[in-house]
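Engineer: Just input-v3.pdb, nothing more (PDB, C-alpha atoms):
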ATOM      1  CA  MET A  36      -5.308 -15.721 -10.401
ATOM      2  CA  ASP A  37      -7.297 -15.646  -7.161
ATOM      3  CA  LEU A  38      -8.437 -12.061  -6.621
ATOM      4  CA  ARG A  39      -9.538 -12.596  -3.020
ATOM      5  CA  PRO A  40      -6.203 -11.330  -1.572
ATOM      6  CA  PHE A  41      -6.764  -7.962  -3.269
ATOM      7  CA  LEU A  42     -10.084  -7.644  -1.474
ATOM      8  CA  ASP A  43      -8.644  -8.906   1.807
ATOM      9  CA  GLU A  44      -5.960  -6.209   1.693
ATOM     10  CA  ASP A  45      -8.637  -3.522   1.558
ATOM     11  CA  ILE A  46     -11.282  -5.009   3.839
ATOM     12  CA  GLY A  47      -9.052  -6.423   6.567
ATOM     13  CA  PRO A  48     -11.230  -7.368   9.573
ATOM     14  CA  GLY A  49     -14.221  -5.526   8.095
ATOM     15  CA  ASP A  50     -15.582  -2.558   6.141
ATOM     16  CA  ILE A  51     -16.426  -0.436   9.170
ATOM     17  CA  THR A  52     -18.130   2.428   7.331
ATOM     18  CA  THR A  53     -20.341   0.264   5.139
ATOM     19  CA  ASP A  54     -21.288  -2.114   7.941
ATOM     20  CA  ILE A  55     -22.452   0.771  10.155
ATOM     21  CA  PHE A  56     -24.059   3.170   7.688
ATOM     22  CA  VAL A  57     -25.362   1.074   4.770
ATOM     23  CA  PRO A  58     -28.545  -0.983   5.220
ATOM     24  CA  ASP A  59     -28.475  -4.701   4.515
ATOM     25  CA  VAL A  60     -30.582  -4.492   1.342
ATOM     26  CA  ARG A  61     -30.162  -5.190  -2.344
ATOM     27  CA  GLY A  62     -29.383  -2.427  -4.794
ATOM     28  CA  LYS A  63     -28.204  -1.506  -8.264
ATOM     29  CA  ALA A  64     -25.315   0.566  -9.577
ATOM     30  CA  CYS A  65     -23.474   1.350 -12.786
ATOM     31  CA  VAL A  66     -19.792   1.815 -13.564
ATOM     32  CA  ILE A  67     -18.997   4.743 -15.837
ATOM     33  CA  CYS A  68     -15.814   5.446 -17.796
ATOM     34  CA  GLU A  69     -15.157   9.169 -17.458
ATOM     35  CA  GLU A  70     -12.694   9.427 -20.384
ATOM     36  CA  ASP A  71     -12.256   8.126 -23.919
ATOM     37  CA  ALA A  72     -10.424   4.857 -23.326
ATOM     38  CA  VAL A  73      -9.723   1.253 -24.191
ATOM     39  CA  VAL A  74     -11.426  -0.768 -21.495
ATOM     40  CA  ALA A  75      -9.317  -3.299 -19.608
ATOM     41  CA  GLY A  76      -9.929  -4.890 -16.239
ATOM     42  CA  SER A  77     -13.690  -5.292 -16.553
ATOM     43  CA  ALA A  78     -13.392  -9.076 -16.172
ATOM     44  CA  GLU A  79     -11.391  -8.585 -12.981
ATOM     45  CA  ALA A  80     -13.834  -5.980 -11.693
ATOM     46  CA  ALA A  81     -16.735  -8.356 -12.305
ATOM     47  CA  GLU A  82     -14.915 -11.096 -10.430
ATOM     48  CA  ILE A  83     -14.252  -8.794  -7.474
ATOM     49  CA  PHE A  84     -17.923  -7.910  -7.243
ATOM     50  CA  GLY A  85     -18.863 -11.568  -7.692
ATOM     51  CA  LEU A  86     -16.823 -12.496  -4.628
ATOM     52  CA  LEU A  87     -19.150 -10.204  -2.678
ATOM     53  CA  GLY A  88     -22.326 -11.686  -4.114
ATOM     54  CA  VAL A  89     -22.870  -8.941  -6.688
ATOM     55  CA  SER A  90     -23.821  -9.873 -10.254
ATOM     56  CA  SER A  91     -22.678  -7.786 -13.199
ATOM     57  CA  GLU A  92     -23.694  -7.128 -16.774
ATOM     58  CA  GLN A  93     -20.851  -6.110 -19.074
ATOM     59  CA  LEU A  94     -21.819  -3.280 -21.416
ATOM     60  CA  ALA A  95     -18.292  -2.934 -22.831
ATOM     61  CA  ALA A  96     -15.916  -5.849 -23.216
ATOM     62  CA  ASP A  97     -12.231  -5.735 -22.398
ATOM     63  CA  GLY A  98     -10.354  -4.339 -25.391
ATOM     64  CA  GLU A  99     -13.328  -2.257 -26.540
ATOM     65  CA  LYS A 100     -13.014   1.490 -27.066
ATOM     66  CA  VAL A 101     -15.520   3.669 -25.230
ATOM     67  CA  ARG A 102     -16.330   7.361 -25.026
ATOM     68  CA  ALA A 103     -16.230   9.557 -21.943
ATOM     69  CA  GLY A 104     -19.389   9.177 -19.884
ATOM     70  CA  GLU A 105     -20.241   5.749 -21.244
ATOM     71  CA  LYS A 106     -21.590   3.089 -18.890
ATOM     72  CA  ILE A 107     -19.508  -0.075 -19.041
ATOM     73  CA  MET A 108     -21.076  -2.246 -16.335
ATOM     74  CA  ILE A 109     -24.380  -2.681 -14.522
ATOM     75  CA  LEU A 110     -24.291  -4.152 -11.003
ATOM     76  CA  GLU A 111     -27.010  -5.743  -8.932
ATOM     77  CA  GLY A 112     -26.828  -7.401  -5.524
ATOM     78  CA  PRO A 113     -26.183  -6.624  -1.861
ATOM     79  CA  LEU A 114     -25.704  -2.886  -1.528
ATOM     80  CA  ARG A 115     -23.009  -3.470   1.045
ATOM     81  CA  GLY A 116     -21.159  -5.745  -1.375
ATOM     82  CA  ILE A 117     -21.295  -3.135  -4.121
ATOM     83  CA  LEU A 118     -19.800  -0.453  -1.876
ATOM     84  CA  THR A 119     -17.217  -2.716  -0.266
ATOM     85  CA  GLY A 120     -15.908  -3.878  -3.638
ATOM     86  CA  GLU A 121     -16.067  -0.488  -5.335
ATOM     87  CA  ARG A 122     -12.543   0.743  -4.793
ATOM     88  CA  VAL A 123     -10.708  -2.493  -5.544
ATOM     89  CA  ALA A 124     -12.776  -3.112  -8.682
ATOM     90  CA  LEU A 125     -12.265   0.431  -9.945
ATOM     91  CA  ASN A 126      -8.543   0.216  -9.215
ATOM     92  CA  PHE A 127      -8.286  -2.742 -11.606
ATOM     93  CA  LEU A 128     -10.219  -0.825 -14.244
ATOM     94  CA  MET A 129      -8.266   2.410 -13.807
ATOM     95  CA  ARG A 130      -4.817   0.842 -13.887
ATOM     96  CA  MET A 131      -5.412  -1.696 -16.636
ATOM     97  CA  SER A 132      -7.415   0.655 -18.861
ATOM     98  CA  GLY A 133      -4.678   3.258 -18.547
ATOM     99  CA  ILE A 134      -2.097   0.792 -19.846
ATOM    100  CA  ALA A 135      -4.371  -0.513 -22.611
ATOM    101  CA  THR A 136      -5.250   3.013 -23.730
ATOM    102  CA  GLU A 137      -1.625   4.148 -23.819
ATOM    103  CA  THR A 138      -0.568   1.020 -25.692
ATOM    104  CA  ASP A 139      -3.349   1.465 -28.223
ATOM    105  CA  SER A 140      -2.339   5.087 -28.777
ATOM    106  CA  ILE A 141       1.261   4.124 -29.521
ATOM    107  CA  VAL A 142       0.310   1.152 -31.695
ATOM    108  CA  ARG A 143      -1.955   3.349 -33.818
ATOM    109  CA  LYS A 144       0.741   6.022 -34.055
ATOM    110  CA  VAL A 145       3.490   3.740 -35.359
ATOM    111  CA  SER A 146       1.238   1.578 -37.543
ATOM    112  CA  GLU A 147       0.610   4.515 -39.849
ATOM    113  CA  LYS A 148       4.284   4.421 -40.791
ATOM    114  CA  ASP A 149       5.226   0.804 -40.052
ATOM    115  CA  PRO A 150       2.284  -1.593 -39.589
ATOM    116  CA  ASP A 151       4.626  -4.503 -38.862
ATOM    117  CA  LEU A 152       6.420  -2.870 -35.929
ATOM    118  CA  LYS A 153       5.507  -4.646 -32.698
ATOM    119  CA  ILE A 154       5.061  -2.548 -29.537
ATOM    120  CA  ALA A 155       6.196  -4.512 -26.491
ATOM    121  CA  GLY A 156       6.143  -4.202 -22.737
ATOM    122  CA  THR A 157       8.918  -5.017 -20.279
ATOM    123  CA  ARG A 158       9.318  -6.459 -16.765
ATOM    124  CA  LYS A 159       9.145  -2.944 -15.281
ATOM    125  CA  THR A 160       5.850  -3.803 -13.668
ATOM    126  CA  THR A 161       4.120  -3.407 -10.304
ATOM    127  CA  PRO A 162       5.090  -6.316  -8.014
ATOM    128  CA  GLY A 163       2.129  -8.649  -7.643
ATOM    129  CA  PHE A 164       0.235  -7.037 -10.511
ATOM    130  CA  ARG A 165       2.359  -8.065 -13.504
ATOM    131  CA  SER A 166      -0.074 -10.522 -15.080
ATOM    132  CA  PHE A 167      -2.800  -7.871 -15.167
ATOM    133  CA  GLU A 168      -0.479  -5.218 -16.600
ATOM    134  CA  LYS A 169       0.741  -7.635 -19.267
ATOM    135  CA  LYS A 170      -2.872  -8.518 -20.096
ATOM    136  CA  ALA A 171      -3.651  -4.810 -20.464
ATOM    137  CA  ILE A 172      -0.802  -4.391 -22.962
ATOM    138  CA  ALA A 173      -2.242  -7.208 -25.065
ATOM    139  CA  LEU A 174      -5.732  -5.683 -24.884
ATOM    140  CA  GLY A 175      -4.235  -2.455 -26.207
ATOM    141  CA  GLY A 176      -2.770  -4.258 -29.196
ATOM    142  CA  GLY A 177       0.777  -4.651 -27.888
ATOM    143  CA  TRP A 178       3.041  -7.626 -27.218
ATOM    144  CA  PRO A 179       3.408  -8.429 -23.501
ATOM    145  CA  HIS A 180       6.946  -9.835 -24.066
ATOM    146  CA  ARG A 181       8.240 -12.382 -21.561
ATOM    147  CA  ASN A 182       6.260 -12.923 -18.394
ATOM    148  CA  GLY A 183       9.245 -13.470 -16.122
ATOM    149  CA  LEU A 184      12.684 -14.981 -15.838
ATOM    150  CA  TYR A 185      11.438 -18.476 -16.662
ATOM    151  CA  ASP A 186       9.800 -18.347 -20.097
ATOM    152  CA  MET A 187      12.450 -16.761 -22.305
ATOM    153  CA  VAL A 188      16.197 -16.179 -22.279
ATOM    154  CA  LEU A 189      17.232 -12.529 -22.199
ATOM    155  CA  VAL A 190      20.965 -12.033 -21.788
ATOM    156  CA  LYS A 191      21.441  -8.476 -20.549
ATOM    157  CA  ASP A 192      24.457  -6.277 -19.927
ATOM    158  CA  ASN A 193      25.309  -7.648 -16.479
ATOM    159  CA  HIS A 194      25.006 -11.238 -17.697
ATOM    160  CA  ILE A 195      27.427 -10.345 -20.492
ATOM    161  CA  LEU A 196      29.853  -8.672 -18.083
ATOM    162  CA  ALA A 197      29.705 -11.709 -15.820
ATOM    163  CA  CYS A 198      30.525 -13.968 -18.786
ATOM    164  CA  GLY A 199      33.260 -11.753 -20.197
ATOM    165  CA  GLY A 200      31.637 -10.641 -23.439
ATOM    166  CA  VAL A 201      28.893 -11.355 -25.957
ATOM    167  CA  GLY A 202      30.769 -14.246 -27.545
ATOM    168  CA  ASN A 203      31.428 -15.950 -24.225
ATOM    169  CA  ALA A 204      27.797 -15.502 -23.216
ATOM    170  CA  LEU A 205      26.450 -17.047 -26.398
ATOM    171  CA  ASP A 206      28.800 -20.004 -26.051
ATOM    172  CA  HIS A 207      26.131 -21.239 -23.624
ATOM    173  CA  ILE A 208      23.326 -21.069 -26.179
ATOM    174  CA  GLN A 209      23.396 -24.835 -26.648
ATOM    175  CA  ASP A 210      22.366 -25.222 -23.007
ATOM    176  CA  VAL A 211      19.072 -23.385 -23.538
ATOM    177  CA  PRO A 212      16.008 -25.681 -23.486
ATOM    178  CA  GLU A 213      14.808 -26.601 -26.958
ATOM    179  CA  GLY A 214      12.148 -24.277 -28.311
ATOM    180  CA  MET A 215      12.932 -21.404 -25.944
ATOM    181  CA  ALA A 216      13.745 -18.092 -27.600
ATOM    182  CA  VAL A 217      17.117 -16.494 -26.924
ATOM    183  CA  GLU A 218      17.485 -12.715 -26.866
ATOM    184  CA  ILE A 219      20.677 -10.814 -26.139
ATOM    185  CA  GLU A 220      21.274  -7.151 -25.449
ATOM    186  CA  VAL A 221      23.934  -5.297 -27.452
ATOM    187  CA  THR A 222      25.058  -1.703 -27.556
ATOM    188  CA  ASN A 223      26.830  -1.652 -30.901
ATOM    189  CA  ILE A 224      26.513  -3.055 -34.396
ATOM    190  CA  GLY A 225      29.559  -5.325 -34.128
ATOM    191  CA  ASP A 226      28.220  -7.222 -31.132
ATOM    192  CA  GLY A 227      24.853  -7.458 -32.840
ATOM    193  CA  ILE A 228      26.342  -9.094 -35.929
ATOM    194  CA  LEU A 229      28.228 -11.537 -33.695
ATOM    195  CA  ALA A 230      24.988 -12.391 -31.913
ATOM    196  CA  ALA A 231      23.265 -13.060 -35.236
ATOM    197  CA  LYS A 232      26.096 -15.366 -36.299
ATOM    198  CA  MET A 233      25.967 -17.275 -33.010
ATOM    199  CA  GLY A 234      22.263 -18.030 -33.238
ATOM    200  CA  ALA A 235      20.384 -15.430 -31.196
ATOM    201  CA  ASP A 236      16.687 -15.269 -32.046
ATOM    202  CA  ILE A 237      16.246 -11.643 -30.982
ATOM    203  CA  ILE A 238      18.895  -8.938 -30.692
ATOM    204  CA  MET A 239      18.080  -6.046 -28.403
ATOM    205  CA  ALA A 240      19.605  -2.792 -29.622
ATOM    206  CA  ASP A 241      19.987  -1.037 -26.288
ATOM    207  CA  HIS A 242      20.136   2.774 -26.362
ATOM    208  CA  MET A 243      21.086   2.683 -30.027
ATOM    209  CA  SER A 244      19.903   5.412 -32.379
ATOM    210  CA  PRO A 245      17.269   4.650 -35.015
ATOM    211  CA  ARG A 246      19.953   4.956 -37.678
ATOM    212  CA  ASP A 247      22.278   2.438 -35.990
ATOM    213  CA  THR A 248      19.356   0.158 -35.174
ATOM    214  CA  LYS A 249      18.332   0.123 -38.836
ATOM    215  CA  GLU A 250      21.877  -0.659 -39.969
ATOM    216  CA  LEU A 251      22.104  -3.458 -37.417
ATOM    217  CA  ARG A 252      18.817  -4.863 -38.648
ATOM    218  CA  GLU A 253      19.922  -4.869 -42.273
ATOM    219  CA  ARG A 254      23.294  -6.449 -41.546
ATOM    220  CA  ALA A 255      21.999  -8.979 -39.015
ATOM    221  CA  LYS A 256      19.267 -10.193 -41.369
ATOM    222  CA  ALA A 257      21.909 -10.660 -44.063
ATOM    223  CA  VAL A 258      23.439 -13.203 -41.684
ATOM    224  CA  ASN A 259      20.138 -14.705 -40.484
ATOM    225  CA  THR A 260      16.904 -13.680 -42.181
ATOM    226  CA  ASP A 261      14.849 -14.895 -39.209
ATOM    227  CA  VAL A 262      16.583 -12.852 -36.528
ATOM    228  CA  LEU A 263      14.503 -10.055 -34.979
ATOM    229  CA  ILE A 264      15.793  -6.670 -33.859
ATOM    230  CA  GLU A 265      14.287  -5.083 -30.748
ATOM    231  CA  ALA A 266      14.929  -1.422 -29.992
ATOM    232  CA  SER A 267      14.946  -0.558 -26.289
ATOM    233  CA  GLY A 268      16.200   2.007 -23.812
ATOM    234  CA  ASN A 269      14.651   5.405 -23.059
ATOM    235  CA  ILE A 270      12.095   5.018 -25.825
ATOM    236  CA  THR A 271       8.972   7.049 -25.178
ATOM    237  CA  LYS A 272       5.648   7.783 -26.814
ATOM    238  CA  GLU A 273       7.220  10.937 -28.233
ATOM    239  CA  ASN A 274      10.274   9.361 -29.886
ATOM    240  CA  VAL A 275       9.029   5.845 -30.708
ATOM    241  CA  ILE A 276       7.998   6.871 -34.212
ATOM    242  CA  GLY A 277      11.687   7.332 -35.044
ATOM    243  CA  TYR A 278      12.150   3.552 -34.869
ATOM    244  CA  ALA A 279       9.432   2.813 -37.438
ATOM    245  CA  GLY A 280      11.114   1.006 -40.320
ATOM    246  CA  CYS A 281      14.250   0.450 -38.232
ATOM    247  CA  ALA A 282      13.311  -2.463 -35.951
ATOM    248  CA  ASP A 283      10.939  -5.408 -35.667
ATOM    249  CA  ILE A 284      10.054  -4.723 -32.035
ATOM    250  CA  VAL A 285      10.184  -1.659 -29.802
ATOM    251  CA  SER A 286       9.898  -2.189 -26.044
ATOM    252  CA  LEU A 287       8.776   0.585 -23.704
ATOM    253  CA  GLY A 288       8.943   0.257 -19.926
ATOM    254  CA  SER A 289       6.738   3.333 -19.724
ATOM    255  CA  LEU A 290       3.724   1.272 -20.779
ATOM    256  CA  THR A 291       3.588  -0.252 -17.315
ATOM    257  CA  HIS A 292       5.511   2.127 -15.071
ATOM    258  CA  SER A 293       4.183   5.465 -16.312
ATOM    259  CA  SER A 294       0.821   5.063 -18.023
ATOM    260  CA  ARG A 295      -1.771   7.410 -16.530
ATOM    261  CA  ALA A 296      -4.788   5.755 -14.924
ATOM    262  CA  ILE A 297      -8.186   6.212 -16.555
ATOM    263  CA  HIS A 298     -10.918   7.684 -14.351
ATOM    264  CA  PHE A 299     -13.926   5.462 -13.629
ATOM    265  CA  SER A 300     -16.818   6.135 -11.272
ATOM    266  CA  LEU A 301     -19.547   4.044  -9.668
ATOM    267  CA  ASP A 302     -23.037   5.443  -9.179
ATOM    268  CA  ILE A 303     -25.563   3.793  -6.878
ATOM    269  CA  ALA A 304     -29.157   3.833  -8.129
ATOM    270  CA  PRO A 305     -31.439   5.824  -5.782
ATOM    271  CA  ARG A 306     -33.452   3.646  -3.407
ATOM    272  CA  SER A 307     -37.195   3.815  -3.624
ATOM    273  CA  GLU A 308     -39.014   4.305  -0.316
TER     274      GLU A 308
END
Would you encode the structure as structure tokens?

Structural biologist:
Amino acid sequence: MDLRPFLDEDIGPGDITTDIFVPDVRGKACVICEEDAVVAGSAEAAEIFGLLGVSSEQLAADGEKVRAGEKIMILEGPLRGILTGERVALNFLMRMSGIATETDSIVRKVSEKDPDLKIAGTRKTTPGFRSFEKKAIALGGGWPHRNGLYDMVLVKDNHILACGGVGNALDHIQDVPEGMAVEIEVTNIGDGILAAKMGADIIMADHMSPRDTKELRERAKAVNTDVLIEASGNITKENVIGYAGCADIVSLGSLTHSSRAIHFSLDIAPRSE
């Protein structure tokens, strides 16, 4: 994705402060991660600086865990370019590293009990920033899930209501393009079993308890051993462990709509006289 529009949004007709107060000279700087974190967004930050003529040396790759106070990037180039790109570059790092760090924390938590349980994101993303948030989930060890409305079928509650029931909705399964996965949302075990019989690839157990989700999984796989069960709906970092051993996938909207940003800073190297 072209990152120039993100810079244009911030710069507009010009960086007034930098243009007036910062000399037109070359300089150096470093980017520091102020917290223990999984780094994400360093590639995007480097690209932002590159658009302003600033070169970068990556000291920590995306997906790498770092300690608080660790330098992750060295910058060299026009001092004005470094300062103009600072905020946009750090915003990518802060937002994406926050998501990657939260995802990693949850993945590690559930893997102790169920190493096969997949932690997934949702489409509850920031408009215009979805691809970066999905990338951050993957860097944290999670599954980004579908990218949009075009790459996977997900029949949700309102689709089902519009069709008149789960059975009526899945009557259209033969119209799905070959090779495209079909997922359907259910709220009870009976509808889940019906979905398994009618050929759904993934059954989303929406707001179902871990106990009911586990029963659905056992009974659905007795019908189709390949079907996957995804638990979803008000699942948080605190209660996700309850679904370990009960589902194949757990999706959490909180990964992208509520993960706390990680603090990064940029320090300019002192100029010699």

Engineer: Which residues, named as in the file, does the PyMOL selection byres ((chain A and resi 221-226) around 12) pick out? Answer as number ranges by chain.

Structural biologist: A: 189-196, 200-205, 218-220, 227-233, 235, 237-244, 246-255, 264-268

Engineer: Translate the PyMOL selection byres ((chain A and resi 103) around 10), as applied to the file shown, into an explicit residue set as a list of chain:residue names.

Structural biologist: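 Selected by the PyMOL selection byres ((chain A and resi 103) around 10) here: A:Ile67, A:Cys68, A:Glu69, A:Glu70, A:Asp71, A:Ala72, A:Val101, A:Arg102, A:Gly104, A:Glu105, A:Lys106, A:His298, A:Phe299.
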
Engineer: Any chance you could work out the axis-aligned box around segment 199-204 of chain A, listed atoms only, 4 Å on each side, giving centre and edge lengths in Å to one decimal, as AutoDock Vina command-line options?

Structural biologist:
--center_x 30.5 --center_y -13.3 --center_z -23.9 --size_x 13.5 --size_y 13.3 --size_z 15.3

Engineer: What gap, in Å, lies between atom CA of Ala135 of chain A and atom CA of Ala296 of chain A?

Structural biologist: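 Separation of atom CA of Ala135 of chain A and atom CA of Ala296 of chain A: 9.9 Å.
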
Engineer: Using 9 Å as the limit and counting all atoms listed in the file, can you tabulate each residue of segment 83-175 of chain A that touches segment 43-66 of chain A, with its shortest atom-to-atom distance in Å and the two atoms involved, as JSON lines?

Structural biologist:
{"residue": "A:Glu105", "atom": "CA", "partner": "A:Val66", "partner_atom": "CA", "distance": 8.6}
{"residue": "A:Lys106", "atom": "CA", "partner": "A:Val66", "partner_atom": "CA", "distance": 5.8}
{"residue": "A:Ile107", "atom": "CA", "partner": "A:Val66", "partner_atom": "CA", "distance": 5.8}
{"residue": "A:Met108", "atom": "CA", "partner": "A:Val66", "partner_atom": "CA", "distance": 5.1}
{"residue": "A:Ile109", "atom": "CA", "partner": "A:Cys65", "partner_atom": "CA", "distance": 4.5}
{"residue": "A:Leu110", "atom": "CA", "partner": "A:Ala64", "partner_atom": "CA", "distance": 5.0}
{"residue": "A:Glu111", "atom": "CA", "partner": "A:Lys63", "partner_atom": "CA", "distance": 4.5}
{"residue": "A:Gly112", "atom": "CA", "partner": "A:Arg61", "partner_atom": "CA", "distance": 5.1}
{"residue": "A:Pro113", "atom": "CA", "partner": "A:Arg61", "partner_atom": "CA", "distance": 4.3}
{"residue": "A:Leu114", "atom": "CA", "partner": "A:Gly62", "partner_atom": "CA", "distance": 4.9}
{"residue": "A:Arg115", "atom": "CA", "partner": "A:Thr53", "partner_atom": "CA", "distance": 6.1}
{"residue": "A:Gly116", "atom": "CA", "partner": "A:Thr53", "partner_atom": "CA", "distance": 8.9}
{"residue": "A:Ile117", "atom": "CA", "partner": "A:Ala64", "partner_atom": "CA", "distance": 7.7}
{"residue": "A:Leu118", "atom": "CA", "partner": "A:Thr53", "partner_atom": "CA", "distance": 7.1}
{"residue": "A:Thr119", "atom": "CA", "partner": "A:Asp50", "partner_atom": "CA", "distance": 6.6}
{"residue": "A:Gly120", "atom": "CA", "partner": "A:Ile46", "partner_atom": "CA", "distance": 8.9}
{"residue": "A:Arg122", "atom": "CA", "partner": "A:Asp45", "partner_atom": "CA", "distance": 8.6}
{"residue": "A:Val123", "atom": "CA", "partner": "A:Asp45", "partner_atom": "CA", "distance": 7.5}
{"residue": "A:Leu125", "atom": "CA", "partner": "A:Val66", "partner_atom": "CA", "distance": 8.5}

Engineer: Of the residues A:Ala124, A:Arg143, A:Cys281, A:Arg158, which is the one nearest to Ser300 of chain A, using all atoms listed in the file?

Structural biologist: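 Looking only at the distances to Ser300 of chain A, the closest residue turns out to be A:Ala124.
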
Engineer: Counting only C-alpha atoms, which residue out of A:Leu42, A:Leu287, A:Ile270, A:Leu128 sits closest to Ser77 of chain A?

Structural biologist: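 For Ser77 of chain A, the nearest of the candidates is A:Leu128.
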